[in-house]
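protein28.txt (compact mmCIF, C-alpha atoms)
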# COMPACT_ATOMS: atom_id res chain seq x y z
CA MET A 1 130.56 31.75 59.09
CA VAL A 2 129.12 32.09 55.57
CA HIS A 3 127.72 28.54 55.62
CA SER A 4 126.18 29.21 59.02
CA SER A 5 124.61 32.50 57.84
CA LEU A 6 123.24 30.84 54.71
CA MET A 7 121.79 28.03 56.83
CA ALA A 8 120.14 30.65 59.06
CA ALA A 9 118.64 32.20 55.92
CA LEU A 10 117.43 28.74 54.84
CA ILE A 11 115.77 28.25 58.24
CA ALA A 12 113.98 31.58 57.78
CA VAL A 13 112.93 30.63 54.24
CA GLY A 14 111.81 27.20 55.52
CA ALA A 15 108.84 28.83 57.22
CA PHE A 16 107.54 29.79 53.76
CA ILE A 17 108.01 26.39 52.09
CA SER A 18 105.31 23.82 52.74
CA ILE A 19 104.30 20.51 51.19
CA PRO A 20 100.58 19.80 51.69
CA ILE A 21 100.14 16.28 53.11
CA GLY A 22 96.84 15.51 54.83
CA PRO A 23 95.31 18.12 57.15
CA VAL A 24 98.65 19.49 58.45
CA PRO A 25 101.07 20.69 55.74
CA ILE A 26 104.76 19.93 56.25
CA VAL A 27 106.68 23.15 56.86
CA MET A 28 110.38 22.88 56.10
CA GLN A 29 111.69 25.07 58.92
CA ASN A 30 112.65 22.33 61.38
CA LEU A 31 114.00 20.20 58.53
CA PHE A 32 116.57 22.94 57.91
CA VAL A 33 117.32 23.10 61.65
CA LEU A 34 118.12 19.37 61.65
CA LEU A 35 120.05 19.75 58.41
CA ALA A 36 122.14 22.54 59.95
CA GLY A 37 123.16 20.14 62.71
CA LEU A 38 124.09 17.41 60.24
CA LEU A 39 126.06 19.64 57.86
CA LEU A 40 127.65 22.24 60.15
CA GLY A 41 128.28 20.38 63.41
CA GLY A 42 127.08 21.37 66.88
CA GLY A 43 128.80 24.74 67.33
CA TRP A 44 128.09 26.35 63.97
CA ALA A 45 124.59 24.85 63.79
CA ALA A 46 123.76 26.43 67.16
CA ALA A 47 125.33 29.68 65.93
CA SER A 48 123.16 29.48 62.83
CA VAL A 49 119.93 29.03 64.81
CA GLY A 50 121.09 31.57 67.40
CA VAL A 51 121.59 34.22 64.72
CA TYR A 52 118.19 33.36 63.25
CA LEU A 53 116.53 33.77 66.66
CA LEU A 54 118.46 36.96 67.41
CA ALA A 55 117.44 38.46 64.06
CA GLY A 56 113.83 37.55 64.81
CA ALA A 57 114.02 38.92 68.35
CA CYS A 58 115.37 42.19 66.94
CA GLY A 59 112.19 42.48 64.93
CA LEU A 60 113.43 41.35 61.51
CA PRO A 61 110.63 39.48 59.68
CA VAL A 62 112.23 36.03 59.69
CA PHE A 63 109.68 34.02 61.67
CA ALA A 64 106.71 32.17 60.15
CA GLY A 65 104.22 34.43 58.40
CA GLY A 66 106.87 37.11 57.78
CA THR A 67 106.76 38.37 61.35
CA GLY A 68 109.43 39.00 63.94
CA GLY A 69 109.95 40.49 67.36
CA LEU A 70 110.03 39.36 70.95
CA GLY A 71 106.28 38.86 70.67
CA ARG A 72 106.81 35.77 68.57
CA LEU A 73 109.50 34.44 70.89
CA LEU A 74 107.23 34.98 73.89
CA GLY A 75 104.09 33.82 72.04
CA PRO A 76 102.49 30.35 71.88
CA THR A 77 105.10 28.98 69.45
CA GLY A 78 108.12 30.56 71.16
CA GLY A 79 109.11 27.31 72.88
CA TYR A 80 109.52 25.56 69.53
CA LEU A 81 111.84 28.36 68.40
CA PHE A 82 114.04 27.98 71.48
CA GLY A 83 113.86 24.20 70.98
CA PHE A 84 115.42 24.71 67.52
CA LEU A 85 118.59 25.98 69.20
CA ALA A 86 118.95 22.94 71.47
CA ALA A 87 117.98 20.56 68.65
CA ALA A 88 120.55 21.94 66.20
CA TYR A 89 123.30 21.69 68.81
CA LEU A 90 122.29 18.15 69.82
CA VAL A 91 122.01 16.86 66.24
CA GLY A 92 125.34 18.51 65.38
CA LYS A 93 127.16 17.00 68.34
CA VAL A 94 125.73 13.52 67.69
CA SER A 95 126.60 13.82 64.00
CA GLU A 96 130.19 14.84 64.81
CA ARG A 97 130.65 11.71 66.90
CA ALA A 98 128.67 9.36 64.68
CA CYS A 99 131.41 9.28 61.99
CA GLY A 100 128.80 8.62 59.30
CA ARG A 101 127.11 5.67 61.08
CA PRO A 102 123.48 5.87 59.88
CA LEU A 103 121.71 4.51 62.95
CA ILE A 104 123.44 6.92 65.34
CA GLU A 105 122.77 9.87 63.05
CA LEU A 106 119.10 8.89 62.66
CA GLY A 107 118.87 8.47 66.45
CA GLY A 108 120.32 11.96 66.85
CA LEU A 109 117.72 13.35 64.42
CA VAL A 110 114.87 11.68 66.34
CA ALA A 111 116.27 13.01 69.63
CA GLY A 112 116.61 16.48 68.09
CA SER A 113 112.97 16.44 66.95
CA MET A 114 111.87 15.39 70.44
CA VAL A 115 113.93 18.18 72.02
CA ILE A 116 111.94 20.71 69.96
CA TYR A 117 108.73 19.35 71.52
CA LEU A 118 110.38 19.23 74.95
CA PHE A 119 110.66 23.01 74.76
CA GLY A 120 107.59 23.70 72.63
CA VAL A 121 104.80 21.78 74.34
CA PRO A 122 105.37 23.03 77.94
CA TRP A 123 105.72 26.57 76.57
CA LEU A 124 102.46 26.18 74.63
CA LYS A 125 100.77 24.94 77.80
CA LEU A 126 102.13 27.86 79.82
CA VAL A 127 101.15 30.58 77.35
CA THR A 128 97.74 29.28 76.29
CA GLY A 129 96.72 27.85 79.67
CA MET A 130 95.74 24.46 78.20
CA ASP A 131 96.28 21.24 80.20
CA TRP A 132 98.99 18.71 79.29
CA ALA A 133 96.74 16.39 77.29
CA LYS A 134 95.35 19.22 75.17
CA SER A 135 98.78 20.80 74.67
CA ILE A 136 100.22 17.50 73.42
CA ALA A 137 97.16 16.87 71.24
CA VAL A 138 97.39 20.31 69.63
CA GLY A 139 101.15 20.95 69.67
CA MET A 140 102.75 17.58 69.03
CA ILE A 141 100.60 14.68 67.78
CA PRO A 142 99.53 16.25 64.42
CA PHE A 143 103.15 16.90 63.44
CA LEU A 144 104.73 13.51 64.17
CA ILE A 145 104.14 12.00 60.73
CA GLY A 146 105.59 15.07 59.07
CA ASP A 147 108.57 14.89 61.42
CA ALA A 148 109.30 11.32 60.33
CA VAL A 149 109.33 12.47 56.69
CA LYS A 150 111.58 15.42 57.58
CA ILE A 151 114.05 13.25 59.48
CA LEU A 152 114.42 10.90 56.50
CA ALA A 153 114.66 13.81 54.05
CA ALA A 154 117.26 15.64 56.19
CA TYR A 155 119.36 12.49 56.46
CA GLY A 156 119.13 11.82 52.71
CA VAL A 157 119.98 15.42 51.79
CA ALA A 158 122.92 15.51 54.23
CA ARG A 159 124.39 12.26 52.84
CA THR A 160 124.12 13.60 49.29
CA LEU A 161 125.58 17.01 50.10
CA ARG A 162 128.51 16.04 52.31
CA PRO A 163 130.79 15.01 49.39
CA ILE A 164 130.02 18.33 47.66
CA ILE A 165 130.86 20.32 50.79
CA ALA A 166 134.03 18.29 51.29
CA LEU A 167 135.00 18.97 47.66
CA GLN A 168 134.43 22.69 48.21
CA ALA A 169 136.90 22.61 51.09
CA THR A 170 139.72 21.52 48.75
CA PRO A 171 141.64 24.09 46.59
CA GLY A 172 139.78 24.62 43.32
CA GLY A 173 137.02 22.36 44.56
CA ILE A 174 134.24 24.85 43.88
CA ASP A 175 134.79 24.57 40.14
CA LYS A 176 134.62 20.76 40.29
CA ALA A 177 131.58 20.80 42.59
CA GLY A 178 129.69 23.42 40.58
CA MET B 1 109.47 38.58 51.54
CA ALA B 2 111.55 39.92 48.68
CA GLU B 3 108.65 42.20 47.79
CA LEU B 4 108.20 45.67 49.24
CA SER B 5 105.93 45.40 52.27
CA ILE B 6 105.24 47.27 55.47
CA PHE B 7 107.99 45.17 57.03
CA THR B 8 110.48 46.72 54.62
CA TYR B 9 112.28 49.81 55.80
CA ARG B 10 111.47 52.96 53.87
CA PRO B 11 112.35 56.52 54.90
CA ARG B 12 109.06 58.02 56.10
CA PRO B 13 108.33 61.55 57.32
CA VAL B 14 107.75 60.31 60.88
CA TRP B 15 109.93 61.23 63.86
CA ILE B 16 110.45 57.60 64.96
CA VAL B 17 112.39 56.87 61.74
CA ASP B 18 115.20 59.16 62.93
CA CYS B 19 115.41 57.63 66.41
CA ASP B 20 118.45 55.74 67.64
CA PRO B 21 117.95 52.01 66.84
CA ARG B 22 119.36 51.09 70.26
CA ILE B 23 116.53 53.01 71.96
CA LYS B 24 113.99 51.39 69.62
CA LEU B 25 115.29 47.88 70.36
CA ALA B 26 115.40 48.55 74.12
CA ALA B 27 111.86 50.01 74.02
CA LEU B 28 110.61 46.97 72.08
CA ALA B 29 112.21 44.55 74.56
CA GLY B 30 110.95 46.47 77.60
CA LEU B 31 107.38 46.81 76.32
CA SER B 32 107.28 43.13 75.25
CA ILE B 33 108.34 41.94 78.69
CA CYS B 34 106.16 44.40 80.66
CA SER B 35 103.07 43.53 78.60
CA LEU B 36 103.19 39.91 79.81
CA GLY B 37 101.48 40.84 83.07
CA ALA B 38 99.43 43.81 81.82
CA GLY B 39 95.79 44.40 82.72
CA TRP B 40 92.99 45.24 80.28
CA THR B 41 93.09 49.01 80.90
CA ALA B 42 96.83 49.40 80.34
CA LEU B 43 96.65 47.15 77.29
CA ALA B 44 93.88 49.36 75.88
CA LEU B 45 96.02 52.47 76.51
CA VAL B 46 99.02 50.89 74.77
CA THR B 47 96.83 49.75 71.86
CA VAL B 48 95.55 53.30 71.35
CA VAL B 49 99.10 54.73 71.36
CA THR B 50 100.30 51.99 68.96
CA SER B 51 97.33 52.56 66.63
CA ILE B 52 98.06 56.30 66.47
CA LEU B 53 101.66 55.49 65.51
CA TRP B 54 100.41 52.97 62.93
CA LEU B 55 98.14 55.50 61.28
CA ARG B 56 101.19 57.74 60.76
CA LEU B 57 103.13 54.89 59.15
CA VAL B 58 100.66 53.09 56.84
CA PRO B 59 98.08 54.54 54.47
CA SER B 60 95.28 52.35 55.87
CA LEU B 61 94.65 49.59 58.39
CA ARG B 62 93.82 47.30 55.47
CA VAL B 63 97.54 47.19 54.58
CA LEU B 64 98.28 46.17 58.16
CA TRP B 65 95.62 43.45 57.98
CA ASN B 66 97.04 42.04 54.73
CA GLN B 67 100.53 41.81 56.19
CA THR B 68 99.55 40.24 59.52
CA LYS B 69 96.54 38.09 58.58
CA TYR B 70 98.43 34.76 58.97
CA PHE B 71 99.49 35.68 62.48
CA ILE B 72 95.95 36.88 63.28
CA PHE B 73 94.68 33.48 62.06
CA LEU B 74 97.06 31.79 64.52
CA LEU B 75 95.76 34.04 67.29
CA ALA B 76 92.16 33.20 66.34
CA LEU B 77 93.03 29.51 66.83
CA VAL B 78 94.42 30.33 70.29
CA VAL B 79 91.19 32.14 71.21
CA LEU B 80 89.07 29.26 69.89
CA ALA B 81 91.16 26.64 71.71
CA ARG B 82 90.87 28.55 74.99
CA GLY B 83 87.15 29.12 74.42
CA LEU B 84 86.52 25.41 73.86
CA LEU B 85 88.82 24.05 76.56
CA THR B 86 88.08 26.37 79.52
CA PRO B 87 85.15 25.52 81.78
CA GLY B 88 82.61 28.29 82.51
CA GLN B 89 79.38 29.86 81.29
CA VAL B 90 78.39 28.05 78.07
CA LEU B 91 77.74 30.33 75.09
CA LEU B 92 77.51 27.70 72.36
CA GLU B 93 77.50 23.91 72.26
CA LEU B 94 79.71 22.44 69.53
CA GLY B 95 79.26 18.67 69.74
CA PRO B 96 81.20 17.34 72.74
CA LEU B 97 82.82 20.74 73.38
CA ASP B 98 81.34 23.92 74.88
CA LEU B 99 82.36 27.44 73.92
CA THR B 100 82.56 29.36 77.20
CA ALA B 101 82.60 33.08 77.99
CA GLU B 102 85.55 32.72 80.40
CA GLY B 103 87.57 30.84 77.78
CA LEU B 104 86.90 33.43 75.09
CA ALA B 105 87.83 36.27 77.47
CA GLY B 106 91.08 34.55 78.51
CA GLY B 107 92.02 33.65 74.93
CA GLY B 108 91.10 37.13 73.71
CA TYR B 109 93.38 38.69 76.30
CA ILE B 110 96.34 36.49 75.30
CA ALA B 111 95.74 37.14 71.59
CA TRP B 112 95.37 40.90 72.09
CA ARG B 113 98.62 41.06 74.07
CA LEU B 114 100.55 39.10 71.42
CA LEU B 115 99.09 41.13 68.56
CA VAL B 116 100.23 44.40 70.17
CA ILE B 117 103.77 43.02 70.65
CA VAL B 118 103.91 41.95 66.99
CA TRP B 119 102.69 45.42 65.91
CA TRP B 120 105.60 46.96 67.81
CA SER B 121 108.10 44.68 66.09
CA ILE B 122 106.65 45.59 62.68
CA ILE B 123 106.97 49.28 63.58
CA LEU B 124 110.64 48.62 64.35
CA THR B 125 111.38 46.97 60.99
CA ALA B 126 109.32 49.50 59.05
CA THR B 127 111.23 52.43 60.55
CA THR B 128 114.76 51.03 60.93
CA ALA B 129 117.26 50.12 58.19
CA ALA B 130 118.96 46.70 58.40
CA ALA B 131 122.36 48.41 58.73
CA GLN B 132 121.08 50.35 61.75
CA ILE B 133 119.76 47.16 63.37
CA ARG B 134 123.11 45.46 62.69
CA SER B 135 124.95 48.30 64.45
CA ALA B 136 122.54 48.31 67.39
CA VAL B 137 122.81 44.52 67.82
CA ALA B 138 126.62 44.76 67.79
CA TRP B 139 126.45 47.54 70.41
CA PHE B 140 124.24 45.45 72.71
CA LEU B 141 126.39 42.32 72.26
CA ARG B 142 129.69 44.12 72.93
CA PRO B 143 129.70 43.46 76.71
CA VAL B 144 128.58 39.81 76.30
CA PRO B 145 131.57 37.49 76.91
CA LEU B 146 132.54 34.80 74.36
CA VAL B 147 130.41 36.44 71.65
CA ASN B 148 132.13 38.25 68.78
CA GLU B 149 129.59 40.98 68.16
CA LYS B 150 131.08 41.90 64.78
CA VAL B 151 130.74 38.34 63.47
CA VAL B 152 127.17 38.03 64.79
CA ALA B 153 126.21 41.38 63.26
CA THR B 154 127.75 40.38 59.91
CA MET B 155 125.89 37.05 60.02
CA ILE B 156 122.62 38.92 60.59
CA GLY B 157 123.48 41.15 57.61
CA LEU B 158 124.09 38.07 55.41
CA LEU B 159 120.88 36.43 56.67
CA VAL B 160 118.77 39.44 55.74
CA ARG B 161 120.50 39.79 52.37
CA PHE B 162 120.06 36.15 51.37
CA ILE B 163 116.47 35.45 52.35
CA PRO B 164 115.06 36.98 49.11
CA VAL B 165 117.76 35.26 47.02
CA ILE B 166 117.00 31.82 48.49
CA LEU B 167 113.25 32.40 48.18
CA GLN B 168 113.78 33.14 44.50
CA GLN B 169 115.80 29.92 44.12
CA VAL B 170 113.01 27.96 45.83
CA ARG B 171 110.40 29.44 43.48
CA GLU B 172 112.52 28.58 40.44
CA THR B 173 113.11 25.02 41.68
CA MET B 174 109.39 24.50 42.41
CA ALA B 175 108.42 25.85 38.99
CA ALA B 176 110.95 23.57 37.27
CA GLN B 177 109.70 20.56 39.22
CA GLN B 178 106.05 21.34 38.46
CA ALA B 179 106.96 21.45 34.77
CA ARG B 180 108.52 17.97 35.15
CA ALA B 181 105.59 16.59 37.23
CA VAL B 182 107.79 15.96 40.29
CA ALA B 183 105.24 17.80 42.48
CA ALA B 184 102.56 15.33 41.39
CA SER B 185 104.27 12.49 43.29
CA SER B 186 102.17 11.13 46.16
CA ASN B 187 105.28 10.12 48.14
CA PRO B 188 105.88 12.93 50.70
CA PHE B 189 109.47 11.89 51.35
CA ARG B 190 110.30 11.99 47.63
CA ARG B 191 108.65 15.42 47.25
CA ALA B 192 110.49 16.87 50.24
CA PHE B 193 113.81 15.34 49.16
CA LYS B 194 113.49 16.44 45.54
CA LEU B 195 112.68 20.01 46.57
CA ILE B 196 115.22 20.48 49.35
CA LEU B 197 118.24 18.83 47.75
CA PRO B 198 118.69 21.19 44.76
CA VAL B 199 117.89 24.25 46.88
CA VAL B 200 120.44 23.45 49.61
CA ARG B 201 122.97 22.32 47.02
CA ARG B 202 122.70 25.65 45.18
CA VAL B 203 123.00 27.55 48.45
CA PHE B 204 126.14 25.70 49.50
CA LEU B 205 127.71 25.99 46.06
CA SER B 206 127.14 29.73 46.14
CA ALA B 207 128.82 30.03 49.55
CA ASP B 208 132.40 30.04 48.25
CA ARG B 209 131.56 32.48 45.48
CA LEU B 210 129.96 34.64 48.16
CA VAL B 211 133.18 34.60 50.20
CA TRP B 212 135.17 35.77 47.15
CA ALA B 213 132.62 38.51 46.47
CA MET B 214 132.71 39.61 50.12
CA GLU B 215 136.49 39.77 50.15
CA ALA B 216 136.55 41.71 46.87
CA ARG B 217 134.19 44.28 48.37
CA CYS B 218 135.92 44.42 51.79
CA PHE B 219 132.70 43.05 53.35
CA THR B 220 134.39 41.68 56.46
CA PRO B 221 133.16 41.59 60.06
CA ASP B 222 135.59 44.47 60.78
CA ARG B 223 134.02 46.94 58.36
CA PRO B 224 132.69 50.16 59.99
CA PHE B 225 129.32 50.20 61.66
CA TYR B 226 126.50 52.67 61.11
CA HIS B 227 127.08 55.80 63.20
CA LEU B 228 124.67 55.75 66.14
CA ASP B 229 123.70 59.04 67.70
CA ARG B 230 121.04 60.16 70.18
CA GLY B 231 118.89 63.27 69.81
CA PRO B 232 115.75 64.87 71.30
CA ALA B 233 113.45 62.40 69.51
CA ASP B 234 115.25 59.52 71.24
CA TRP B 235 114.59 60.94 74.68
CA LEU B 236 110.93 61.42 73.72
CA LEU B 237 110.74 57.77 72.62
CA ALA B 238 112.59 56.51 75.71
CA SER B 239 110.34 58.56 78.03
CA GLY B 240 107.20 57.34 76.27
CA ALA B 241 108.37 53.73 76.50
CA VAL B 242 109.15 54.10 80.23
CA VAL B 243 105.67 55.62 80.88
CA LEU B 244 103.97 52.80 78.95
CA CYS B 245 106.08 50.14 80.70
CA ALA B 246 105.14 51.65 84.09
CA ALA B 247 101.45 51.68 83.11
CA LEU B 248 101.68 48.02 82.00
CA LEU B 249 103.42 46.98 85.21
CA LEU B 250 101.11 48.89 87.55
CA SER B 251 97.84 47.84 85.90

Using structure tokens, write down the structure from this file.
Amino acid sequence: MVHSSLMAALIAVGAFISIPIGPVPIVMQNLFVLLAGLLLGGGWAAASVGVYLLAGACGLPVFAGGTGGLGRLLGPTGGYLFGFLAAAYLVGKVSERACGRPLIELGGLVAGSMVIYLFGVPWLKLVTGMDWAKSIAVGMIPFLIGDAVKILAAYGVARTLRPIIALQATPGGIDKAG
Amino acid sequence: MAELSIFTYRPRPVWIVDCDPRIKLAALAGLSICSLGAGWTALALVTVVTSILWLRLVPSLRVLWNQTKYFIFLLALVVLARGLLTPGQVLLELGPLDLTAEGLAGGGYIAWRLLVIVWWSIILTATTAAAQIRSAVAWFLRPVPLVNEKVVATMIGLLVRFIPVILQQVRETMAAQQARAVAASSNPFRRAFKLILPVVRRVFLSADRLVWAMEARCFTPDRPFYHLDRGPADWLLASGAVVLCAALLLS
């Protein structure tokens, strides 16, 4: 529960961390969503994103720009937020069954990123009234390069952190890990 | 986010601060949903009511602008996209694209509606303590099957508590990396990896210590919730929300 809550806090903080690359800066929010799936597994990762969305829906300022409320969930970017939930669950489930095999885990990460767009782009089209081509051009194409970087970074971070988390799970492990 | 802002709850001499958080959450949800199909007139009425409430809560509208300018920028992009992509009476030619009156009107309506919803959510956080929201969320989740409302409410409490702590850790990590010229790397993967790894590592290492601290302070999901009580101000708020919802639906 604590890991899941902390991951939810990281997802909220991810909206405030960006690395400027080209015209579209990389925001770390969906990297943490993918990372939640890799580190927590499907159930707790979905719980983590679910709590994050619930806190935002209740009006707590956890969404990008320090805002919150149903307005953000029902706004132009609301589909991406709901996509986070499905993506975290999918990546977590794939990761649980991958048993550390890199190609399957990377495939799960790619599928998870696509699931975010599967929710986000139709929602963007619906709310803004743009056609499909424009919605994809505005809401998906500019972020694909950043997504590739995030997938690789999430995989690398997860591989490095798993031994530490496993060590924490053993008695007295926190002292060795820290 | 760790800084004091209009999003942060502070006791204010305004009646809505004392209202039951369950009524506030229900009013926010109802108004958000009803506003989706609202007409211009009802939206104008709701905007006036919301602005009056705002003027009681913040010293000036400039404070509100400073806190919501990033979201307003996003809305401006929505208006511009609609203006450029909707066919109609051409107001301005911008290369291959035309800015149309119909597009601007449609985009302006969407942006206005979203801005009002976000204002309501800021009013909620500015007038409701996190402990009150936690109790209200647990109350609403109680009838939902397969969801342990106490665990969810505790997770929300931890989330709110740890956002400023993690932000501080991120700032410290970024400052340390700038001092060591890690941020100057042109490889985006390396920059992302080098920033995220120490932050997430610190967060996970602190998790076990957090569990010990929680247990030592009896901070468990079963600890008592904030006492929720309804009074005359709640009925006033509920009635006002119902009237506004009806106006939004009928417009």

Need the shell around segment 80-91 of chain A: protein/DNA/RNA residues with any atom at most 10 Å away, counting all atoms listed in the file. Skip same-chain ones fewer than 5 positions apart. Format as a ChimeraX atom specification?
/A:11,29-30,32-53,63,72-74,96,105-124,139

Kindly indicate which residue among B:Phe193, B:Trp235, B:Trp65, B:Trp139 lies nearest to Arg159 of chain A, using all atoms listed in the file for the distances.
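Checking each of B:Phe193, B:Trp235, B:Trp65, B:Trp139 against Arg159 of chain A, counting all atoms listed in the file, the winner is B:Phe193.
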
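Take atom CA of Leu126 of chain A and atom CA of Asp98 of chain B: the distance between them is 21.7 Å.
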
Contact residues around Ala57 of chain A with only C-alpha atoms at 12 Å, ignoring same-chain residues under 4 positions, as an MDAnalysis selection string:
(chainID A and resid 50:53 61:63 67:75 78 81:82) or (chainID B and resid 25:26 28:29 32 117:118 120:122 124:125 133 137 156)

So that I can see what lies close to Gly240 of chain B, please list as a PyMOL selection string the residues with an atom at most 12 Å from it, counting all atoms listed in the file and leaving out residues fewer than 6 positions away in the same chain.
chain B and resi 16+23-24+27-28+30-31+46+49-50+233-234+246-247

Is there a way to get, as a list in words, all residues within 12 Å of the point (98.1, 34.3, 58.9) in file coordinates, counting only C-alpha atoms?
Phe16, Phe63, Ala64, Gly65, Gly66 and Thr67 of chain A; Leu64, Trp65, Asn66, Gln67, Thr68, Lys69, Tyr70, Phe71, Ile72, Phe73, Leu74, Leu75, Ala76, Leu77 and Leu115 of chain B

Would you work out the distance separating atom CA of Leu53 of chain B from atom CA of Thr77 of chain A, expressed in Å to one decimal?
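Distance reported for this atom pair: 27.0 Å.
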
From the list A:Leu31, A:Val94, A:Ala55, A:Phe143, the nearest residue to chain B using all atoms listed in the file is A:Ala55

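Here atom CA of Gly103 of chain B is placed at a distance of 23.8 Å from atom CA of Leu249 of chain B.
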
Of the residues B:Val116, B:Leu92, B:Ile196, B:Cys218, which is the one nearest to Ala154 of chain A, using only C-alpha atoms?
B:Ile196

Tell me which of B:Leu250, B:Leu61, B:Ala192, B:Leu244 sits closest to chain A, counting all atoms listed in the file.
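Answer, going by the shortest atom-to-atom distance: B:Ala192.
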
How big is the axis-aligned box around all listed atoms of segment 75-79 of chain A once 5 Å goes on each side, and where's its centre, in Å to one decimal, as lines of an AutoDock Vina configuration file?
center_x = 105.8
center_y = 30.6
center_z = 71.2
size_x = 16.6
size_y = 16.5
size_z = 13.4

So, counting all atoms listed in the file, which residue among B:Ala216, B:Ile52, B:Ala175, B:Val152 is closest to chain A?
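For chain A, the nearest of the candidates is B:Val152.
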
Write out N, CA and C atoms for segment 169-184 of chain B, as a PDB file, in the coordinates of the input.
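Writing done, so here's out_0.pdb:
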ATOM      1  N   GLN B 169     115.301  31.237  44.549  1.00  0.00           N
ATOM      2  CA  GLN B 169     115.800  29.920  44.120  1.00  0.00           C
ATOM      3  C   GLN B 169     114.747  28.836  44.379  1.00  0.00           C
ATOM      4  N   VAL B 170     114.062  28.951  45.517  1.00  0.00           N
ATOM      5  CA  VAL B 170     113.010  27.960  45.830  1.00  0.00           C
ATOM      6  C   VAL B 170     111.887  28.045  44.802  1.00  0.00           C
ATOM      7  N   ARG B 171     111.480  29.266  44.467  1.00  0.00           N
ATOM      8  CA  ARG B 171     110.400  29.440  43.480  1.00  0.00           C
ATOM      9  C   ARG B 171     110.809  28.836  42.133  1.00  0.00           C
ATOM     10  N   GLU B 172     112.039  29.105  41.722  1.00  0.00           N
ATOM     11  CA  GLU B 172     112.520  28.580  40.440  1.00  0.00           C
ATOM     12  C   GLU B 172     112.548  27.048  40.450  1.00  0.00           C
ATOM     13  N   THR B 173     113.034  26.485  41.572  1.00  0.00           N
ATOM     14  CA  THR B 173     113.110  25.020  41.680  1.00  0.00           C
ATOM     15  C   THR B 173     111.705  24.420  41.641  1.00  0.00           C
ATOM     16  N   MET B 174     110.761  25.025  42.383  1.00  0.00           N
ATOM     17  CA  MET B 174     109.390  24.500  42.410  1.00  0.00           C
ATOM     18  C   MET B 174     108.752  24.576  41.025  1.00  0.00           C
ATOM     19  N   ALA B 175     108.995  25.692  40.324  1.00  0.00           N
ATOM     20  CA  ALA B 175     108.420  25.850  38.990  1.00  0.00           C
ATOM     21  C   ALA B 175     108.989  24.789  38.035  1.00  0.00           C
ATOM     22  N   ALA B 176     110.311  24.559  38.133  1.00  0.00           N
ATOM     23  CA  ALA B 176     110.950  23.570  37.270  1.00  0.00           C
ATOM     24  C   ALA B 176     110.409  22.164  37.569  1.00  0.00           C
ATOM     25  N   GLN B 177     110.188  21.886  38.856  1.00  0.00           N
ATOM     26  CA  GLN B 177     109.700  20.560  39.220  1.00  0.00           C
ATOM     27  C   GLN B 177     108.235  20.365  38.820  1.00  0.00           C
ATOM     28  N   GLN B 178     107.449  21.446  38.912  1.00  0.00           N
ATOM     29  CA  GLN B 178     106.050  21.340  38.460  1.00  0.00           C
ATOM     30  C   GLN B 178     106.013  21.044  36.967  1.00  0.00           C
ATOM     31  N   ALA B 179     106.918  21.681  36.217  1.00  0.00           N
ATOM     32  CA  ALA B 179     106.960  21.450  34.770  1.00  0.00           C
ATOM     33  C   ALA B 179     107.343  20.010  34.448  1.00  0.00           C
ATOM     34  N   ARG B 180     108.079  19.353  35.378  1.00  0.00           N
ATOM     35  CA  ARG B 180     108.520  17.970  35.150  1.00  0.00           C
ATOM     36  C   ARG B 180     107.676  16.969  35.938  1.00  0.00           C
ATOM     37  N   ALA B 181     106.558  17.442  36.523  1.00  0.00           N
ATOM     38  CA  ALA B 181     105.590  16.590  37.230  1.00  0.00           C
ATOM     39  C   ALA B 181     106.162  15.941  38.497  1.00  0.00           C
ATOM     40  N   VAL B 182     107.253  16.507  39.042  1.00  0.00           N
ATOM     41  CA  VAL B 182     107.790  15.960  40.290  1.00  0.00           C
ATOM     42  C   VAL B 182     106.819  16.247  41.443  1.00  0.00           C
ATOM     43  N   ALA B 183     106.159  17.414  41.398  1.00  0.00           N
ATOM     44  CA  ALA B 183     105.240  17.800  42.480  1.00  0.00           C
ATOM     45  C   ALA B 183     104.001  16.922  42.527  1.00  0.00           C
ATOM     46  N   ALA B 184     103.754  16.176  41.421  1.00  0.00           N
ATOM     47  CA  ALA B 184     102.560  15.330  41.390  1.00  0.00           C
ATOM     48  C   ALA B 184     102.766  14.014  42.136  1.00  0.00           C
TER      49      ALA B 184
END
